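Quick look at target-v9.pdb (PDB, N, CA, C and O atoms):
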MODEL        1
ATOM      1  N   MET B1053      53.366 -62.376 126.356
ATOM      2  CA  MET B1053      52.551 -62.583 127.542
ATOM      3  C   MET B1053      52.003 -64.013 127.580
ATOM      4  O   MET B1053      51.957 -64.628 128.635
ATOM      5  N   THR B1054      51.592 -64.511 126.422
ATOM      6  CA  THR B1054      51.063 -65.882 126.404
ATOM      7  C   THR B1054      52.147 -66.897 126.722
ATOM      8  O   THR B1054      51.853 -67.956 127.261
ATOM      9  N   ARG B1055      53.392 -66.554 126.397
ATOM     10  CA  ARG B1055      54.489 -67.472 126.725
ATOM     11  C   ARG B1055      54.612 -67.638 128.231
ATOM     12  O   ARG B1055      54.801 -68.746 128.730
ATOM     13  N   LEU B1056      54.516 -66.541 128.949
ATOM     14  CA  LEU B1056      54.611 -66.612 130.407
ATOM     15  C   LEU B1056      53.443 -67.383 131.000
ATOM     16  O   LEU B1056      53.607 -68.139 131.965
ATOM     17  N   ILE B1057      52.274 -67.223 130.419
ATOM     18  CA  ILE B1057      51.093 -67.946 130.902
ATOM     19  C   ILE B1057      51.267 -69.447 130.689
ATOM     20  O   ILE B1057      50.965 -70.245 131.574
ATOM     21  N   VAL B1058      51.779 -69.833 129.535
ATOM     22  CA  VAL B1058      51.978 -71.256 129.245
ATOM     23  C   VAL B1058      53.022 -71.854 130.184
ATOM     24  O   VAL B1058      52.834 -72.954 130.713
ATOM     25  N   ILE B1059      54.111 -71.144 130.421
ATOM     26  CA  ILE B1059      55.139 -71.639 131.339
ATOM     27  C   ILE B1059      54.579 -71.753 132.749
ATOM     28  O   ILE B1059      54.847 -72.728 133.459
ATOM     29  N   ALA B1060      53.777 -70.791 133.170
ATOM     30  CA  ALA B1060      53.165 -70.855 134.500
ATOM     31  C   ALA B1060      52.195 -72.032 134.602
ATOM     32  O   ALA B1060      52.148 -72.714 135.633
ATOM     33  N   ILE B1061      51.446 -72.283 133.548
ATOM     34  CA  ILE B1061      50.510 -73.412 133.549
ATOM     35  C   ILE B1061      51.276 -74.731 133.655
ATOM     36  O   ILE B1061      50.889 -75.627 134.403
ATOM     37  N   PHE B1062      52.392 -74.853 132.913
ATOM     38  CA  PHE B1062      53.218 -76.056 133.021
ATOM     39  C   PHE B1062      53.726 -76.250 134.438
ATOM     40  O   PHE B1062      53.709 -77.356 134.969
ATOM     41  N   ALA B1063      54.195 -75.174 135.051
ATOM     42  CA  ALA B1063      54.750 -75.278 136.401
ATOM     43  C   ALA B1063      53.675 -75.670 137.408
ATOM     44  O   ALA B1063      53.891 -76.530 138.267
ATOM     45  N   VAL B1064      52.499 -75.058 137.317
ATOM     46  CA  VAL B1064      51.410 -75.375 138.246
ATOM     47  C   VAL B1064      50.915 -76.804 138.042
ATOM     48  O   VAL B1064      50.663 -77.532 139.010
ATOM     49  N   LEU B1065      50.798 -77.228 136.796
ATOM     50  CA  LEU B1065      50.348 -78.587 136.511
ATOM     51  C   LEU B1065      51.335 -79.613 137.052
ATOM     52  O   LEU B1065      50.929 -80.612 137.662
ATOM     53  N   ALA B1066      52.613 -79.365 136.858
ATOM     54  CA  ALA B1066      53.622 -80.287 137.386
ATOM     55  C   ALA B1066      53.581 -80.328 138.908
ATOM     56  O   ALA B1066      53.665 -81.394 139.518
ATOM     57  N   TYR B1067      53.422 -79.174 139.531
ATOM     58  CA  TYR B1067      53.361 -79.126 140.996
ATOM     59  C   TYR B1067      52.150 -79.885 141.527
ATOM     60  O   TYR B1067      52.259 -80.669 142.465
ATOM     61  N   LEU B1068      50.990 -79.659 140.917
ATOM     62  CA  LEU B1068      49.780 -80.315 141.404
ATOM     63  C   LEU B1068      49.818 -81.828 141.204
ATOM     64  O   LEU B1068      49.398 -82.586 142.071
ATOM     65  N   LEU B1069      50.332 -82.257 140.054
ATOM     66  CA  LEU B1069      50.358 -83.694 139.785
ATOM     67  C   LEU B1069      51.399 -84.410 140.628
ATOM     68  O   LEU B1069      51.218 -85.574 140.981
ATOM     69  N   LEU B1070      52.484 -83.742 140.954
ATOM     70  CA  LEU B1070      53.520 -84.381 141.746
ATOM     71  C   LEU B1070      53.303 -84.198 143.244
ATOM     72  O   LEU B1070      53.875 -84.926 144.050
ATOM     73  N   LYS B1071      52.473 -83.230 143.626
ATOM     74  CA  LYS B1071      52.217 -82.985 145.043
ATOM     75  C   LYS B1071      51.393 -84.111 145.648
ATOM     76  O   LYS B1071      51.729 -84.625 146.721
ATOM     77  N   TYR B1072      50.313 -84.443 144.972
ATOM     78  CA  TYR B1072      49.460 -85.501 145.492
ATOM     79  C   TYR B1072      50.144 -86.838 145.295
ATOM     80  O   TYR B1072      50.720 -87.109 144.252
ATOM     81  N   ARG B1073      50.102 -87.673 146.284
ATOM     82  CA  ARG B1073      50.866 -88.922 146.260
ATOM     83  C   ARG B1073      50.236 -89.906 145.283
ATOM     84  O   ARG B1073      49.398 -90.717 145.642
ATOM     85  N   THR B1074      50.692 -89.794 144.066
ATOM     86  CA  THR B1074      50.217 -90.704 143.033
ATOM     87  C   THR B1074      51.254 -91.805 142.840
ATOM     88  O   THR B1074      52.287 -91.837 143.490
ATOM     89  N   ASN B1075      50.980 -92.681 141.936
ATOM     90  CA  ASN B1075      51.867 -93.784 141.615
ATOM     91  C   ASN B1075      53.227 -93.248 141.145
ATOM     92  O   ASN B1075      53.297 -92.233 140.460
ATOM     93  N   VAL B1076      54.299 -93.941 141.505
ATOM     94  CA  VAL B1076      55.637 -93.486 141.145
ATOM     95  C   VAL B1076      55.833 -93.492 139.638
ATOM     96  O   VAL B1076      56.418 -92.560 139.069
ATOM     97  N   THR B1077      55.314 -94.512 138.967
ATOM     98  CA  THR B1077      55.458 -94.548 137.516
ATOM     99  C   THR B1077      54.652 -93.422 136.865
ATOM    100  O   THR B1077      55.094 -92.849 135.868
ATOM    101  N   LEU B1078      53.511 -93.098 137.445
ATOM    102  CA  LEU B1078      52.723 -91.975 136.920
ATOM    103  C   LEU B1078      53.474 -90.665 137.113
ATOM    104  O   LEU B1078      53.480 -89.814 136.216
ATOM    105  N   GLN B1079      54.129 -90.501 138.244
ATOM    106  CA  GLN B1079      54.918 -89.299 138.479
ATOM    107  C   GLN B1079      56.050 -89.182 137.470
ATOM    108  O   GLN B1079      56.318 -88.097 136.953
ATOM    109  N   LYS B1080      56.706 -90.300 137.172
ATOM    110  CA  LYS B1080      57.791 -90.276 136.187
ATOM    111  C   LYS B1080      57.272 -89.874 134.815
ATOM    112  O   LYS B1080      57.869 -89.049 134.130
ATOM    113  N   TRP B1081      56.149 -90.475 134.415
ATOM    114  CA  TRP B1081      55.600 -90.155 133.100
ATOM    115  C   TRP B1081      55.128 -88.719 133.023
ATOM    116  O   TRP B1081      55.277 -88.061 131.991
ATOM    117  N   VAL B1082      54.539 -88.208 134.100
ATOM    118  CA  VAL B1082      54.110 -86.806 134.117
ATOM    119  C   VAL B1082      55.319 -85.887 133.977
ATOM    120  O   VAL B1082      55.298 -84.928 133.202
ATOM    121  N   ALA B1083      56.376 -86.181 134.702
ATOM    122  CA  ALA B1083      57.586 -85.360 134.615
ATOM    123  C   ALA B1083      58.188 -85.421 133.218
ATOM    124  O   ALA B1083      58.602 -84.390 132.667
ATOM    125  N   ILE B1084      58.221 -86.602 132.619
ATOM    126  CA  ILE B1084      58.783 -86.753 131.275
ATOM    127  C   ILE B1084      57.942 -86.014 130.246
ATOM    128  O   ILE B1084      58.462 -85.287 129.393
ATOM    129  N   VAL B1085      56.628 -86.184 130.316
ATOM    130  CA  VAL B1085      55.739 -85.548 129.335
ATOM    131  C   VAL B1085      55.768 -84.029 129.468
ATOM    132  O   VAL B1085      55.845 -83.312 128.460
ATOM    133  N   LEU B1086      55.731 -83.519 130.689
ATOM    134  CA  LEU B1086      55.765 -82.066 130.868
ATOM    135  C   LEU B1086      57.108 -81.482 130.446
ATOM    136  O   LEU B1086      57.153 -80.401 129.852
ATOM    137  N   SER B1087      58.189 -82.191 130.716
ATOM    138  CA  SER B1087      59.498 -81.716 130.283
ATOM    139  C   SER B1087      59.592 -81.699 128.761
ATOM    140  O   SER B1087      60.096 -80.734 128.178
ATOM    141  N   ALA B1088      59.110 -82.745 128.130
ATOM    142  CA  ALA B1088      59.135 -82.800 126.669
ATOM    143  C   ALA B1088      58.265 -81.710 126.062
ATOM    144  O   ALA B1088      58.659 -81.063 125.092
ATOM    145  N   ALA B1089      57.092 -81.498 126.638
ATOM    146  CA  ALA B1089      56.206 -80.448 126.118
ATOM    147  C   ALA B1089      56.832 -79.070 126.287
ATOM    148  O   ALA B1089      56.741 -78.223 125.394
ATOM    149  N   LEU B1090      57.491 -78.845 127.407
ATOM    150  CA  LEU B1090      58.141 -77.559 127.628
ATOM    151  C   LEU B1090      59.303 -77.368 126.661
ATOM    152  O   LEU B1090      59.485 -76.273 126.105
ATOM    153  N   LEU B1091      60.074 -78.413 126.416
ATOM    154  CA  LEU B1091      61.177 -78.309 125.465
ATOM    155  C   LEU B1091      60.680 -78.060 124.039
ATOM    156  O   LEU B1091      61.265 -77.264 123.306
ATOM    157  N   ILE B1092      59.611 -78.723 123.665
ATOM    158  CA  ILE B1092      59.037 -78.494 122.335
ATOM    159  C   ILE B1092      58.525 -77.066 122.222
ATOM    160  O   ILE B1092      58.741 -76.394 121.206
ATOM    161  N   TYR B1093      57.884 -76.578 123.262
ATOM    162  CA  TYR B1093      57.369 -75.203 123.247
ATOM    163  C   TYR B1093      58.515 -74.200 123.157
ATOM    164  O   TYR B1093      58.454 -73.253 122.371
ATOM    165  N   ILE B1094      59.573 -74.415 123.935
ATOM    166  CA  ILE B1094      60.707 -73.492 123.908
ATOM    167  C   ILE B1094      61.385 -73.508 122.543
ATOM    168  O   ILE B1094      61.733 -72.451 122.002
ATOM    169  N   SER B1095      61.548 -74.687 121.957
ATOM    170  CA  SER B1095      62.161 -74.759 120.637
ATOM    171  C   SER B1095      61.281 -74.096 119.586
ATOM    172  O   SER B1095      61.786 -73.428 118.680
ATOM    173  N   PHE B1096      59.967 -74.232 119.711
ATOM    174  CA  PHE B1096      59.052 -73.567 118.787
ATOM    175  C   PHE B1096      59.177 -72.052 118.899
ATOM    176  O   PHE B1096      59.222 -71.343 117.888
ATOM    177  N   VAL B1097      59.267 -71.553 120.109
ATOM    178  CA  VAL B1097      59.412 -70.100 120.309
ATOM    179  C   VAL B1097      60.739 -69.607 119.741
ATOM    180  O   VAL B1097      60.785 -68.561 119.077
ATOM    181  N   VAL B1098      61.800 -70.357 119.951
ATOM    182  CA  VAL B1098      63.105 -69.957 119.428
ATOM    183  C   VAL B1098      63.094 -69.936 117.908
ATOM    184  O   VAL B1098      63.576 -68.990 117.284
ATOM    185  N   VAL B1099      62.511 -70.951 117.297
ATOM    186  CA  VAL B1099      62.466 -71.008 115.823
ATOM    187  C   VAL B1099      61.628 -69.871 115.274
ATOM    188  O   VAL B1099      62.020 -69.213 114.304
ATOM    189  N   THR B1100      60.488 -69.589 115.873
ATOM    190  CA  THR B1100      59.644 -68.498 115.362
ATOM    191  C   THR B1100      60.321 -67.145 115.548
ATOM    192  O   THR B1100      60.172 -66.257 114.694
ATOM    193  N   GLU B1101      61.083 -66.977 116.620
ATOM    194  CA  GLU B1101      61.803 -65.711 116.792
ATOM    195  C   GLU B1101      62.943 -65.588 115.807
ATOM    196  O   GLU B1101      63.247 -64.495 115.335
ATOM    197  N   LEU B1102      63.597 -66.704 115.482
ATOM    198  CA  LEU B1102      64.689 -66.646 114.506
ATOM    199  C   LEU B1102      64.174 -66.388 113.082
ATOM    200  O   LEU B1102      64.871 -65.781 112.283
ATOM    201  N   ILE B1103      62.981 -66.868 112.801
ATOM    202  CA  ILE B1103      62.416 -66.635 111.467
ATOM    203  C   ILE B1103      62.101 -65.167 111.264
ATOM    204  O   ILE B1103      62.288 -64.629 110.167
ATOM    205  N   ARG B1104      61.667 -64.499 112.308
ATOM    206  CA  ARG B1104      61.396 -63.059 112.192
ATOM    207  C   ARG B1104      62.687 -62.359 111.938
ATOM    208  O   ARG B1104      62.963 -61.455 111.370
TER
ENDMDL
END

As structure tokens:
Amino acid sequence: MTRLIVIAIFAVLAYLLLKYRTNVTLQKWVAIVLSAALLIYISFVVVTELIR
């Protein structure tokens, strides 16, 4: 359940930060950071499930 909450929070945060017309470089960095954080989270979940 917490996994779904975290993914939803990432999606909402990305939508809110990219919706408002901010600087283009800021939008790029937000997209890069959120994508990296999501990939790290997904890899962490996969590793913990494989360890079980």

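Put simply, atom CA of Val1085 of chain B is 9.8 Å away from atom CA of Ala1066 of chain B.
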
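Atom C of Glu1101 of chain B to atom C of Ile1059 of chain B spans 19.9 Å [interatomic distance, one decimal].
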
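When atom N of Leu1086 of chain B is paired with atom C of Ala1060 of chain B, their separation reads 12.6 Å.
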
Find the residues around Ala1063 of chain B up to 12 Å (only C-alpha atoms counted), leave out those fewer than 6 positions away in its own chain, and share them as a ChimeraX atom specification. /B:1056-1057,1069-1071,1082-1083,1086-1087,1089-1090

Would you mind exporting the chosen residues as an mmCIF file, in the coordinates of the input, restricted to N, CA, C and O atoms?
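Heads up, here's the output in out_11.cif:
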data_model
loop_
_atom_site.group_PDB
_atom_site.id
_atom_site.type_symbol
_atom_site.label_atom_id
_atom_site.label_comp_id
_atom_site.auth_asym_id
_atom_site.auth_seq_id
_atom_site.Cartn_x
_atom_site.Cartn_y
_atom_site.Cartn_z
ATOM 1 N N LEU B 1056 54.516 -66.541 128.949
ATOM 2 C CA LEU B 1056 54.611 -66.612 130.407
ATOM 3 C C LEU B 1056 53.443 -67.383 131.000
ATOM 4 O O LEU B 1056 53.607 -68.139 131.965
ATOM 5 N N ILE B 1057 52.274 -67.223 130.419
ATOM 6 C CA ILE B 1057 51.093 -67.946 130.902
ATOM 7 C C ILE B 1057 51.267 -69.447 130.689
ATOM 8 O O ILE B 1057 50.965 -70.245 131.574
ATOM 9 N N LEU B 1069 50.332 -82.257 140.054
ATOM 10 C CA LEU B 1069 50.358 -83.694 139.785
ATOM 11 C C LEU B 1069 51.399 -84.410 140.628
ATOM 12 O O LEU B 1069 51.218 -85.574 140.981
ATOM 13 N N LEU B 1070 52.484 -83.742 140.954
ATOM 14 C CA LEU B 1070 53.520 -84.381 141.746
ATOM 15 C C LEU B 1070 53.303 -84.198 143.244
ATOM 16 O O LEU B 1070 53.875 -84.926 144.050
ATOM 17 N N LYS B 1071 52.473 -83.230 143.626
ATOM 18 C CA LYS B 1071 52.217 -82.985 145.043
ATOM 19 C C LYS B 1071 51.393 -84.111 145.648
ATOM 20 O O LYS B 1071 51.729 -84.625 146.721
ATOM 21 N N VAL B 1082 54.539 -88.208 134.100
ATOM 22 C CA VAL B 1082 54.110 -86.806 134.117
ATOM 23 C C VAL B 1082 55.319 -85.887 133.977
ATOM 24 O O VAL B 1082 55.298 -84.928 133.202
ATOM 25 N N ALA B 1083 56.376 -86.181 134.702
ATOM 26 C CA ALA B 1083 57.586 -85.360 134.615
ATOM 27 C C ALA B 1083 58.188 -85.421 133.218
ATOM 28 O O ALA B 1083 58.602 -84.390 132.667
ATOM 29 N N LEU B 1086 55.731 -83.519 130.689
ATOM 30 C CA LEU B 1086 55.765 -82.066 130.868
ATOM 31 C C LEU B 1086 57.108 -81.482 130.446
ATOM 32 O O LEU B 1086 57.153 -80.401 129.852
ATOM 33 N N SER B 1087 58.189 -82.191 130.716
ATOM 34 C CA SER B 1087 59.498 -81.716 130.283
ATOM 35 C C SER B 1087 59.592 -81.699 128.761
ATOM 36 O O SER B 1087 60.096 -80.734 128.178
ATOM 37 N N ALA B 1089 57.092 -81.498 126.638
ATOM 38 C CA ALA B 1089 56.206 -80.448 126.118
ATOM 39 C C ALA B 1089 56.832 -79.070 126.287
ATOM 40 O O ALA B 1089 56.741 -78.223 125.394
ATOM 41 N N LEU B 1090 57.491 -78.845 127.407
ATOM 42 C CA LEU B 1090 58.141 -77.559 127.628
ATOM 43 C C LEU B 1090 59.303 -77.368 126.661
ATOM 44 O O LEU B 1090 59.485 -76.273 126.105
#
